[in-house]
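A.B. asks: Quick one: this structure, given as structure tokens, is what I'll be asking you about.
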Amino acid sequence: MNQYLSMLYSELEQKYPTQPEFLQAVLEFLNSISDYINQNPNIVETDVVRRMLEPDTSASFKVVWEDDLGNLQVNRGYKVQFNQALGPYKGGLRFNPNVNESIFKFLAFEQTLKNALTGIPMGGSKGGSDFNPKGKSEREIKRFCEAFMIELMKYSGPDFDVPAADSGVGIKEIGYMFGIYKRITNRHNGVLTSKGVNYGGSYVRPEATGFGLIYMTLHLLKKFYHTDLTGKTILISGCGNVSVPAAEKATSLGAKVVGMSNIDGVIHDENGLDIELVKRIRDEKLPLSYYLEKYPDTNYFINSKDLWKLKADIALPCATQNELDLEAAKTLNKNGVLAVLEGANMPTTLDATNFFIENKVLFVPGKAANAGGVSVSGLEMTQNATHTQWPFEVVDQRLKEIMKSIFDGIYETAEAFGNPYDLVKGANIKAFEKLYLAMLEQGY
Ligand code: GLU
């Protein structure tokens with residue numbers, strides 16, 4: 001790695017020794033931009049990379065809410081606003097008991113780069129809470145969302161910071177947050193995206209990350225293998241907001257989704273899974289093993305990681321960070337996988353990522369592959385600001401164009417830097433180029 005960048009990384013390691021996810025995201029980024037910095041040594045003079053690695057704001061706050069027994073409960077809320085150079089802060093909200101500052105910092109950093117790739121003017125941000133929605137009643141979820149939004153409002157605004165859904169937060173939670181925001185402020189505006197289509201949400205937003213992931217897969221297959229999805233077999237982890245629309249879109253384009261997983265385990269059927277049933281399992285919060293009641297011959301494994309031991313043409317990790325490690329990467333490669341595209345944020349460990357690149361397994365990082373969600377959020381902001389609502393087909397067409405332009409951008413950059421297979425480098429350099437110029441032009 002370039003000397004200046006490796007010095008910055010060492011400083012960060014010393015400063016944040018307890019933030020492994022954040023350091024991992026930064027290390028991947030710095031490795032990727034090293035050649036660019038070598039070619040443009042004047043950037044070292046500006047010292048802009050150092051300023052890019054510090055979030056503008058990293059806040060945590062108390063959220064007090066009342067459970068069904070009338071007891072007051074307390075959770076921790078988080079807001080990391082990483083960078084506002086390109087537009088208002090933008091990024092999802094995550095509810096999960098395992099979150100912490102490191103996770104929100106990595107997510108907000110990745111979001112900044114991802115949003116830069118979309119071409120829509122959006123800065124990068126992320127937020128959420130260690131609240132666990134599992135096992136909570138509907139009324140408790142509503143009360144928590146309202147209490148959370150009352151605190152989050154200090155960091156939100158349509159031209160300031162526009163949160164959206166992420167894991168553990170969907171259209172229902174966003175609805176409760178928007179409802180309380182409006183009652184307090186008397187303003188019906190684009191303070192949140194991923195809203196319901198009846199009150200300002202955009203068509204295609206719930207499906208956008210999954211659909212975008214498949215549109216990107218099509219571009220990748222076309223460019224490198226002159227083929228499409230017909231007859232291709234696919235593995236998808238997670239049975240949630242990204243995975244299910246991705247599985248639906250892939251199936252509609254002629255692919256066979258042969259394996260899916262969630263924290264309960266893995267379902268595997270070489271003839272292709274019944275995605276409608278997986279969707280029902282997701283929506284009704286049923287255990288994954290419920291699938292066997294209708295299809296008793298389906299293979300079922302209780303270890304979610306066993307998904308990566310299955311044979312398929314394409315692997316789409318869509319569950320959570322660091323779910324696909326080096327061992328899994330080696331097994332996928334041995335089994336002849338053609339391409340791996342990240343539907344979640346940083347689901348692949350750094351050594352597994354490097355293994356894919358070194359072994360010429362096509363690999364698209366999440367900041368490009370899963371950018372469809374935030375892109376349609378950006379389109380939702382445009383619709384809100386202009387008091388319009390575009391039809392499904394119009395938004396879907398825009399999403400297709402955005403995914404194509406992201407793919408072309410990262411591919412051309414990777415090629416220009418000598419290795420079209422290194423789309424991680426392509427994505428990081430492409431995002432960096434836009435971001436650092438915007439920062440310097442604005443004098444910071
Ligand atoms: N949570 C999604 C992401 O990771 C979407 C964010 C948004 O729509 O603002 O990109």
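Quick note on naming: the chains in the structure tokens go A, B, ... in the order shown, residues restart at 1 in each chain, and ligands are numbered from 1 in order of appearance.
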List all protein, DNA and RNA residues that have an atom no more than 9 Å from any atom of ligand 1, counting only C-alpha atoms and all ligand atoms, and report them as a PyMOL selection string.
C.D. replies: chain A and resi 89-94+107-108+110-111+114-115+124-126+162-167+192-194+205+209+344-345+366-367+370-378
A.B. asks: Need to verify the contact set: Ile150 in chain A, 10 Å, only C-alpha atoms, exclusion of same-chain residues closer than 2 positions in sequence. Can you return it as a PDB file with all heavy atoms, in the first residue's frame?
C.D. replies:
```pdb
ATOM      1  N   VAL A  63     -32.956   5.857  24.110  1.00  0.00           N
ATOM      2  CA  VAL A  63     -34.344   5.762  23.630  1.00  0.00           C
ATOM      3  C   VAL A  63     -35.174   5.075  24.711  1.00  0.00           C
ATOM      4  O   VAL A  63     -34.926   3.915  25.055  1.00  0.00           O
ATOM      5  CB  VAL A  63     -34.435   4.943  22.326  1.00  0.00           C
ATOM      6  CG1 VAL A  63     -35.864   4.944  21.793  1.00  0.00           C
ATOM      7  CG2 VAL A  63     -33.479   5.490  21.271  1.00  0.00           C
ATOM      8  N   PHE A 144     -41.790   1.844  20.149  1.00  0.00           N
ATOM      9  CA  PHE A 144     -40.339   2.027  20.049  1.00  0.00           C
ATOM     10  C   PHE A 144     -39.997   2.965  18.884  1.00  0.00           C
ATOM     11  O   PHE A 144     -39.188   3.887  19.035  1.00  0.00           O
ATOM     12  CB  PHE A 144     -39.579   0.693  19.885  1.00  0.00           C
ATOM     13  CG  PHE A 144     -38.115   0.951  19.723  1.00  0.00           C
ATOM     14  CD1 PHE A 144     -37.338   1.256  20.832  1.00  0.00           C
ATOM     15  CD2 PHE A 144     -37.526   1.019  18.463  1.00  0.00           C
ATOM     16  CE1 PHE A 144     -35.995   1.598  20.693  1.00  0.00           C
ATOM     17  CE2 PHE A 144     -36.190   1.367  18.308  1.00  0.00           C
ATOM     18  CZ  PHE A 144     -35.418   1.644  19.427  1.00  0.00           C
ATOM     19  N   CYS A 145     -40.627   2.711  17.720  1.00  0.00           N
ATOM     20  CA  CYS A 145     -40.317   3.539  16.536  1.00  0.00           C
ATOM     21  C   CYS A 145     -40.599   5.016  16.821  1.00  0.00           C
ATOM     22  O   CYS A 145     -39.829   5.900  16.415  1.00  0.00           O
ATOM     23  CB  CYS A 145     -41.142   3.088  15.331  1.00  0.00           C
ATOM     24  SG  CYS A 145     -40.589   1.527  14.662  1.00  0.00           S
ATOM     25  N   GLU A 146     -41.699   5.281  17.521  1.00  0.00           N
ATOM     26  CA  GLU A 146     -42.045   6.674  17.807  1.00  0.00           C
ATOM     27  C   GLU A 146     -41.021   7.305  18.761  1.00  0.00           C
ATOM     28  O   GLU A 146     -40.552   8.427  18.538  1.00  0.00           O
ATOM     29  CB  GLU A 146     -43.460   6.738  18.386  1.00  0.00           C
ATOM     30  CG  GLU A 146     -44.493   6.393  17.325  1.00  0.00           C
ATOM     31  CD  GLU A 146     -45.933   6.325  17.830  1.00  0.00           C
ATOM     32  OE1 GLU A 146     -46.147   6.353  19.062  1.00  0.00           O
ATOM     33  OE2 GLU A 146     -46.842   6.253  16.983  1.00  0.00           O
ATOM     34  N   ALA A 147     -40.654   6.538  19.786  1.00  0.00           N
ATOM     35  CA  ALA A 147     -39.669   7.064  20.745  1.00  0.00           C
ATOM     36  C   ALA A 147     -38.328   7.292  20.061  1.00  0.00           C
ATOM     37  O   ALA A 147     -37.638   8.297  20.298  1.00  0.00           O
ATOM     38  CB  ALA A 147     -39.509   6.083  21.913  1.00  0.00           C
ATOM     39  N   PHE A 148     -37.956   6.360  19.193  1.00  0.00           N
ATOM     40  CA  PHE A 148     -36.687   6.457  18.468  1.00  0.00           C
ATOM     41  C   PHE A 148     -36.670   7.693  17.566  1.00  0.00           C
ATOM     42  O   PHE A 148     -35.711   8.455  17.537  1.00  0.00           O
ATOM     43  CB  PHE A 148     -36.488   5.172  17.649  1.00  0.00           C
ATOM     44  CG  PHE A 148     -35.271   5.180  16.775  1.00  0.00           C
ATOM     45  CD1 PHE A 148     -34.008   4.982  17.318  1.00  0.00           C
ATOM     46  CD2 PHE A 148     -35.382   5.364  15.401  1.00  0.00           C
ATOM     47  CE1 PHE A 148     -32.873   4.981  16.499  1.00  0.00           C
ATOM     48  CE2 PHE A 148     -34.269   5.368  14.579  1.00  0.00           C
ATOM     49  CZ  PHE A 148     -33.007   5.172  15.131  1.00  0.00           C
ATOM     50  N   LEU A 152     -34.234  10.788  16.962  1.00  0.00           N
ATOM     51  CA  LEU A 152     -33.527  10.863  15.680  1.00  0.00           C
ATOM     52  C   LEU A 152     -33.804  12.164  14.932  1.00  0.00           C
ATOM     53  O   LEU A 152     -32.994  12.617  14.122  1.00  0.00           O
ATOM     54  CB  LEU A 152     -33.920   9.667  14.792  1.00  0.00           C
ATOM     55  CG  LEU A 152     -33.061   9.463  13.542  1.00  0.00           C
ATOM     56  CD1 LEU A 152     -31.701   8.866  13.933  1.00  0.00           C
ATOM     57  CD2 LEU A 152     -33.744   8.565  12.522  1.00  0.00           C
ATOM     58  N   MET A 153     -34.961  12.770  15.232  1.00  0.00           N
ATOM     59  CA  MET A 153     -35.340  14.017  14.557  1.00  0.00           C
ATOM     60  C   MET A 153     -34.290  15.111  14.705  1.00  0.00           C
ATOM     61  O   MET A 153     -34.169  15.983  13.847  1.00  0.00           O
ATOM     62  CB  MET A 153     -36.666  14.528  15.122  1.00  0.00           C
ATOM     63  CG  MET A 153     -37.868  13.912  14.438  1.00  0.00           C
ATOM     64  SD  MET A 153     -39.383  14.366  15.258  1.00  0.00           S
ATOM     65  CE  MET A 153     -39.338  16.129  15.127  1.00  0.00           C
ATOM     66  N   LYS A 154     -33.530  15.033  15.808  1.00  0.00           N
ATOM     67  CA  LYS A 154     -32.479  16.045  16.018  1.00  0.00           C
ATOM     68  C   LYS A 154     -31.425  15.965  14.918  1.00  0.00           C
ATOM     69  O   LYS A 154     -30.659  16.894  14.707  1.00  0.00           O
ATOM     70  CB  LYS A 154     -31.799  15.817  17.374  1.00  0.00           C
ATOM     71  CG  LYS A 154     -32.738  16.016  18.547  1.00  0.00           C
ATOM     72  CD  LYS A 154     -32.142  15.471  19.846  1.00  0.00           C
ATOM     73  CE  LYS A 154     -33.220  15.416  20.922  1.00  0.00           C
ATOM     74  NZ  LYS A 154     -32.891  14.508  22.026  1.00  0.00           N
ATOM     75  N   MET A 177     -42.498   6.000  12.088  1.00  0.00           N
ATOM     76  CA  MET A 177     -41.570   7.121  12.313  1.00  0.00           C
ATOM     77  C   MET A 177     -42.065   8.367  11.582  1.00  0.00           C
ATOM     78  O   MET A 177     -42.016   9.478  12.115  1.00  0.00           O
ATOM     79  CB  MET A 177     -40.164   6.766  11.809  1.00  0.00           C
ATOM     80  CG  MET A 177     -39.488   5.704  12.646  1.00  0.00           C
ATOM     81  SD  MET A 177     -37.835   5.378  11.990  1.00  0.00           S
ATOM     82  CE  MET A 177     -37.668   3.659  12.412  1.00  0.00           C
ATOM     83  N   ILE A 180     -45.125  10.001  13.440  1.00  0.00           N
ATOM     84  CA  ILE A 180     -44.832  10.813  14.642  1.00  0.00           C
ATOM     85  C   ILE A 180     -44.092  12.097  14.230  1.00  0.00           C
ATOM     86  O   ILE A 180     -44.337  13.173  14.789  1.00  0.00           O
ATOM     87  CB  ILE A 180     -44.046  10.007  15.710  1.00  0.00           C
ATOM     88  CG1 ILE A 180     -44.060  10.731  17.059  1.00  0.00           C
ATOM     89  CG2 ILE A 180     -42.610   9.734  15.334  1.00  0.00           C
ATOM     90  CD1 ILE A 180     -45.305  10.545  17.843  1.00  0.00           C
ATOM     91  N   TYR A 181     -43.234  11.997  13.226  1.00  0.00           N
ATOM     92  CA  TYR A 181     -42.501  13.183  12.742  1.00  0.00           C
ATOM     93  C   TYR A 181     -43.494  14.251  12.285  1.00  0.00           C
ATOM     94  O   TYR A 181     -43.373  15.438  12.596  1.00  0.00           O
ATOM     95  CB  TYR A 181     -41.582  12.783  11.586  1.00  0.00           C
ATOM     96  CG  TYR A 181     -41.001  13.957  10.815  1.00  0.00           C
ATOM     97  CD1 TYR A 181     -39.861  14.617  11.271  1.00  0.00           C
ATOM     98  CD2 TYR A 181     -41.598  14.411   9.628  1.00  0.00           C
ATOM     99  CE1 TYR A 181     -39.328  15.687  10.566  1.00  0.00           C
ATOM    100  CE2 TYR A 181     -41.081  15.480   8.929  1.00  0.00           C
ATOM    101  CZ  TYR A 181     -39.936  16.118   9.395  1.00  0.00           C
ATOM    102  OH  TYR A 181     -39.418  17.184   8.703  1.00  0.00           O
ATOM    103  N   ILE A 184     -45.463  15.936  15.058  1.00  0.00           N
ATOM    104  CA  ILE A 184     -44.676  16.894  15.838  1.00  0.00           C
ATOM    105  C   ILE A 184     -44.361  18.151  15.028  1.00  0.00           C
ATOM    106  O   ILE A 184     -44.431  19.274  15.542  1.00  0.00           O
ATOM    107  CB  ILE A 184     -43.367  16.237  16.344  1.00  0.00           C
ATOM    108  CG1 ILE A 184     -43.722  15.151  17.362  1.00  0.00           C
ATOM    109  CG2 ILE A 184     -42.427  17.259  16.959  1.00  0.00           C
ATOM    110  CD1 ILE A 184     -42.561  14.290  17.780  1.00  0.00           C
TER     111      ILE A 184
END
```
A.B. asks: Show me, as a count of residues only, the residues that have an atom within 8 Å of Val258 in chain A when counting only C-alpha atoms, minus same-chain residues fewer than 4 positions from it.
C.D. replies: 10
A.B. asks: Residues of range 104-231 of chain A classed as alpha helix (DSSP H) by DSSP on the backbone are to be reported as a ChimeraX atom specification.
C.D. replies: /A:104-118,138-152,171-185,208-225
A.B. asks: With distances taken over only C-alpha atoms, which residue among A:Ala59, A:Leu253, A:Met403, A:Val244 lies nearest Glu151 in chain A?
C.D. replies: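 Comparing A:Ala59, A:Leu253, A:Met403, A:Val244 against Glu151 in chain A, the winner is A:Ala59.
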A.B. asks: Using CA of Gly157 in chain A and CA of Ile171 in chain A as the two end points, give the distance in Å to one decimal.
C.D. replies: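 So the two atoms, CA of Gly157 in chain A and CA of Ile171 in chain A, lie 18.6 Å apart.
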A.B. asks: Would you kindly return, as an mmCIF file with N, CA and C atoms, in the first residue's frame, each protein, DNA or RNA residue with an atom no farther than 10 Å from any atom of Gly231 in chain A, considering only C-alpha atoms and excluding same-chain residues fewer than 3 positions away?
C.D. replies:
```
data_model
loop_
_atom_site.group_PDB
_atom_site.id
_atom_site.type_symbol
_atom_site.label_atom_id
_atom_site.label_comp_id
_atom_site.auth_asym_id
_atom_site.auth_seq_id
_atom_site.Cartn_x
_atom_site.Cartn_y
_atom_site.Cartn_z
ATOM 1 N N ASP A 228 -26.664 -14.696 -20.239
ATOM 2 C CA ASP A 228 -27.637 -14.068 -19.321
ATOM 3 C C ASP A 228 -27.985 -15.058 -18.207
ATOM 4 N N ILE A 234 -28.522 -20.346 -8.649
ATOM 5 C CA ILE A 234 -28.151 -19.245 -7.737
ATOM 6 C C ILE A 234 -28.321 -19.646 -6.270
ATOM 7 N N THR A 251 -35.658 -15.507 -10.825
ATOM 8 C CA THR A 251 -36.506 -16.597 -11.312
ATOM 9 C C THR A 251 -37.281 -16.147 -12.547
ATOM 10 N N LEU A 253 -36.390 -14.201 -14.711
ATOM 11 C CA LEU A 253 -35.482 -14.069 -15.860
ATOM 12 C C LEU A 253 -34.864 -15.411 -16.264
ATOM 13 N N GLY A 254 -35.430 -16.486 -15.721
ATOM 14 C CA GLY A 254 -35.018 -17.814 -16.181
ATOM 15 C C GLY A 254 -33.980 -18.524 -15.338
ATOM 16 N N ALA A 255 -33.571 -17.916 -14.211
ATOM 17 C CA ALA A 255 -32.589 -18.585 -13.345
ATOM 18 C C ALA A 255 -33.311 -19.510 -12.361
ATOM 19 N N LYS A 256 -32.532 -20.380 -11.735
ATOM 20 C CA LYS A 256 -33.082 -21.275 -10.724
ATOM 21 C C LYS A 256 -32.409 -20.979 -9.389
ATOM 22 N N VAL A 257 -33.177 -20.529 -8.413
ATOM 23 C CA VAL A 257 -32.599 -20.298 -7.088
ATOM 24 C C VAL A 257 -32.616 -21.643 -6.361
ATOM 25 N N ASP A 313 -23.962 -21.529 -9.977
ATOM 26 C CA ASP A 313 -23.222 -20.625 -10.869
ATOM 27 C C ASP A 313 -22.964 -19.271 -10.205
#
```
A.B. asks: For Leu362 in chain A, work out the shell of residues within 9 Å, counting only C-alpha atoms and skipping chain neighbours fewer than 2 positions away, then give it as a list of chain:residue names.
C.D. replies: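 That gives A:Leu220, A:Phe224, A:Val337, A:Leu338, A:Ala339, A:Val340, A:Leu341, A:Phe356, A:Ile357, A:Asn359, A:Lys360, A:Val364, A:Tyr421, A:Asp422, A:Leu423.
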A.B. asks: Would you please give, as a PDB file with N, CA and C atoms, in the first residue's frame, all residues of range 208-412 of chain A that DSSP assigns to strand (DSSP E) based on the backbone?
C.D. replies:
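Ended up saving to selection.pdb:
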```pdb
ATOM      1  N   THR A 233     -27.877 -21.324 -12.015  1.00  0.00           N
ATOM      2  CA  THR A 233     -28.296 -21.673 -10.656  1.00  0.00           C
ATOM      3  C   THR A 233     -27.729 -20.645  -9.673  1.00  0.00           C
ATOM      4  N   ILE A 234     -28.522 -20.346  -8.649  1.00  0.00           N
ATOM      5  CA  ILE A 234     -28.151 -19.245  -7.737  1.00  0.00           C
ATOM      6  C   ILE A 234     -28.321 -19.646  -6.270  1.00  0.00           C
ATOM      7  N   LEU A 235     -27.391 -19.171  -5.446  1.00  0.00           N
ATOM      8  CA  LEU A 235     -27.508 -19.296  -3.985  1.00  0.00           C
ATOM      9  C   LEU A 235     -27.731 -17.899  -3.409  1.00  0.00           C
ATOM     10  N   ILE A 236     -28.683 -17.767  -2.503  1.00  0.00           N
ATOM     11  CA  ILE A 236     -28.944 -16.449  -1.898  1.00  0.00           C
ATOM     12  C   ILE A 236     -29.057 -16.613  -0.384  1.00  0.00           C
ATOM     13  N   SER A 237     -28.230 -15.884   0.348  1.00  0.00           N
ATOM     14  CA  SER A 237     -28.354 -15.950   1.805  1.00  0.00           C
ATOM     15  C   SER A 237     -29.292 -14.852   2.297  1.00  0.00           C
ATOM     16  N   LYS A 256     -32.532 -20.380 -11.735  1.00  0.00           N
ATOM     17  CA  LYS A 256     -33.082 -21.275 -10.724  1.00  0.00           C
ATOM     18  C   LYS A 256     -32.409 -20.979  -9.389  1.00  0.00           C
ATOM     19  N   VAL A 257     -33.177 -20.529  -8.413  1.00  0.00           N
ATOM     20  CA  VAL A 257     -32.599 -20.298  -7.088  1.00  0.00           C
ATOM     21  C   VAL A 257     -32.616 -21.643  -6.361  1.00  0.00           C
ATOM     22  N   VAL A 258     -31.435 -22.242  -6.192  1.00  0.00           N
ATOM     23  CA  VAL A 258     -31.378 -23.620  -5.661  1.00  0.00           C
ATOM     24  C   VAL A 258     -31.132 -23.662  -4.151  1.00  0.00           C
ATOM     25  N   GLY A 259     -30.605 -22.572  -3.581  1.00  0.00           N
ATOM     26  CA  GLY A 259     -30.354 -22.581  -2.143  1.00  0.00           C
ATOM     27  C   GLY A 259     -30.632 -21.225  -1.533  1.00  0.00           C
ATOM     28  N   MET A 260     -31.291 -21.212  -0.372  1.00  0.00           N
ATOM     29  CA  MET A 260     -31.486 -19.963   0.380  1.00  0.00           C
ATOM     30  C   MET A 260     -31.267 -20.266   1.859  1.00  0.00           C
ATOM     31  N   SER A 261     -30.958 -19.234   2.627  1.00  0.00           N
ATOM     32  CA  SER A 261     -30.690 -19.477   4.048  1.00  0.00           C
ATOM     33  C   SER A 261     -31.146 -18.292   4.890  1.00  0.00           C
ATOM     34  N   ASN A 262     -31.360 -18.546   6.168  1.00  0.00           N
ATOM     35  CA  ASN A 262     -31.462 -17.448   7.144  1.00  0.00           C
ATOM     36  C   ASN A 262     -30.865 -17.966   8.452  1.00  0.00           C
ATOM     37  N   GLY A 265     -31.326 -21.794   9.198  1.00  0.00           N
ATOM     38  CA  GLY A 265     -30.653 -22.842   8.440  1.00  0.00           C
ATOM     39  C   GLY A 265     -30.689 -22.593   6.944  1.00  0.00           C
ATOM     40  N   VAL A 266     -30.600 -23.703   6.184  1.00  0.00           N
ATOM     41  CA  VAL A 266     -30.491 -23.622   4.727  1.00  0.00           C
ATOM     42  C   VAL A 266     -31.523 -24.545   4.082  1.00  0.00           C
ATOM     43  N   ILE A 267     -32.173 -24.090   3.021  1.00  0.00           N
ATOM     44  CA  ILE A 267     -33.001 -24.989   2.212  1.00  0.00           C
ATOM     45  C   ILE A 267     -32.354 -25.119   0.843  1.00  0.00           C
ATOM     46  N   HIS A 268     -32.363 -26.352   0.328  1.00  0.00           N
ATOM     47  CA  HIS A 268     -31.659 -26.629  -0.937  1.00  0.00           C
ATOM     48  C   HIS A 268     -32.485 -27.572  -1.799  1.00  0.00           C
ATOM     49  N   ASN A 299     -33.621 -30.570   0.812  1.00  0.00           N
ATOM     50  CA  ASN A 299     -32.495 -30.717   1.753  1.00  0.00           C
ATOM     51  C   ASN A 299     -32.537 -29.563   2.740  1.00  0.00           C
ATOM     52  N   TYR A 300     -32.323 -29.873   4.007  1.00  0.00           N
ATOM     53  CA  TYR A 300     -32.339 -28.832   5.036  1.00  0.00           C
ATOM     54  C   TYR A 300     -31.104 -28.978   5.926  1.00  0.00           C
ATOM     55  N   PHE A 301     -30.359 -27.901   6.118  1.00  0.00           N
ATOM     56  CA  PHE A 301     -29.173 -27.925   6.992  1.00  0.00           C
ATOM     57  C   PHE A 301     -29.362 -26.872   8.075  1.00  0.00           C
ATOM     58  N   ILE A 314     -23.930 -18.831  -9.393  1.00  0.00           N
ATOM     59  CA  ILE A 314     -23.848 -17.468  -8.842  1.00  0.00           C
ATOM     60  C   ILE A 314     -24.164 -17.500  -7.346  1.00  0.00           C
ATOM     61  N   ALA A 315     -23.385 -16.745  -6.569  1.00  0.00           N
ATOM     62  CA  ALA A 315     -23.660 -16.655  -5.124  1.00  0.00           C
ATOM     63  C   ALA A 315     -23.959 -15.204  -4.768  1.00  0.00           C
ATOM     64  N   LEU A 316     -25.047 -14.994  -4.054  1.00  0.00           N
ATOM     65  CA  LEU A 316     -25.454 -13.639  -3.669  1.00  0.00           C
ATOM     66  C   LEU A 316     -25.575 -13.558  -2.136  1.00  0.00           C
ATOM     67  N   ALA A 339     -19.696 -16.146 -10.386  1.00  0.00           N
ATOM     68  CA  ALA A 339     -19.754 -14.762  -9.911  1.00  0.00           C
ATOM     69  C   ALA A 339     -20.340 -14.682  -8.505  1.00  0.00           C
ATOM     70  N   VAL A 340     -19.822 -13.725  -7.743  1.00  0.00           N
ATOM     71  CA  VAL A 340     -20.330 -13.450  -6.397  1.00  0.00           C
ATOM     72  C   VAL A 340     -20.655 -11.969  -6.333  1.00  0.00           C
ATOM     73  N   LEU A 341     -21.871 -11.635  -5.983  1.00  0.00           N
ATOM     74  CA  LEU A 341     -22.258 -10.213  -5.881  1.00  0.00           C
ATOM     75  C   LEU A 341     -22.852  -9.975  -4.499  1.00  0.00           C
ATOM     76  N   LEU A 362     -15.457 -13.598 -10.526  1.00  0.00           N
ATOM     77  CA  LEU A 362     -16.043 -12.263 -10.636  1.00  0.00           C
ATOM     78  C   LEU A 362     -16.690 -11.884  -9.315  1.00  0.00           C
ATOM     79  N   PHE A 363     -16.353 -10.693  -8.828  1.00  0.00           N
ATOM     80  CA  PHE A 363     -16.838 -10.280  -7.511  1.00  0.00           C
ATOM     81  C   PHE A 363     -17.232  -8.814  -7.563  1.00  0.00           C
ATOM     82  N   VAL A 364     -18.487  -8.522  -7.229  1.00  0.00           N
ATOM     83  CA  VAL A 364     -18.922  -7.115  -7.192  1.00  0.00           C
ATOM     84  C   VAL A 364     -19.226  -6.745  -5.741  1.00  0.00           C
TER      85      VAL A 364
END
```
A.B. asks: Return the single residue from A:Phe417, A:Tyr291, A:Phe211, A:Tyr444 that is closest to Gln397 in chain A, with distances computed using only C-alpha atoms.
C.D. replies: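 Ranked by minimum distance to Gln397 in chain A, first place goes to A:Phe211.
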A.B. asks: Taking only C-alpha atoms into account, name the residue in A:Val204, A:Tyr176, A:Leu113, A:Val48 that is nearest to Glu393 in chain A.
C.D. replies: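 Using only C-alpha atoms, Glu393 in chain A sits closest to A:Val204.
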A.B. asks: Select, from A:Val49, A:Cys318, A:Leu286, A:Val191, the residue with the minimum atom-to-atom distance to Lys134 in chain A, counting only C-alpha atoms.
C.D. replies: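 Closest to Lys134 in chain A, using only C-alpha atoms: A:Leu286.
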A.B. asks: Which residues are close to Glu28 in chain A, i.e. within 12 Å by only C-alpha atoms, leaving aside same-chain residues fewer than 6 positions away? Reply as a list in words.
C.D. replies: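 What passes the distance filter is Met1, Leu5, Ser6, Tyr9, Glu21, Phe22, Ser34, Phe106, Phe109, Glu110, Met346, Thr348, Thr349, Leu350, Asp351, Ala352, Thr353, Asn354, Pro365, Lys367, Val424, Lys425, Ala427, Asn428 and Ile429 of chain A.
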A.B. asks: Using only C-alpha atoms, which residues sit within 12 Å of Gly426 in chain A once same-chain residues fewer than 4 positions away are excluded, as a PyMOL selection string?
C.D. replies: chain A and resi 29+31-36+113+117+357+363-365+367-368+406-422+430-433
A.B. asks: In terms of the shortest atom-to-atom distance over only C-alpha atoms, which of A:Ala328, A:Ala85, A:Ile174, A:Val242 is closest to Pro121 in chain A?
C.D. replies: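 Distance minimum relative to Pro121 in chain A lands on A:Ala85.
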A.B. asks: For CA of Pro97 in chain A and CA of Asp283 in chain A, quote the distance in Å rounded to one decimal.
C.D. replies: 20.6 Å
A.B. asks: Which of these, A:Ile263, A:Ile302, A:Ile141, A:Ala250, has the shortest distance to Glu323 in chain A once you count only C-alpha atoms?
C.D. replies: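 Of A:Ile263, A:Ile302, A:Ile141, A:Ala250, the one nearest Glu323 in chain A is A:Ile263, counting only C-alpha atoms.
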A.B. asks: Expressed in Å to a single decimal, how great is the separation between CA of Tyr295 in chain A and CA of Leu277 in chain A?
C.D. replies: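 CA of Leu277 in chain A lies 10.1 Å from CA of Tyr295 in chain A.
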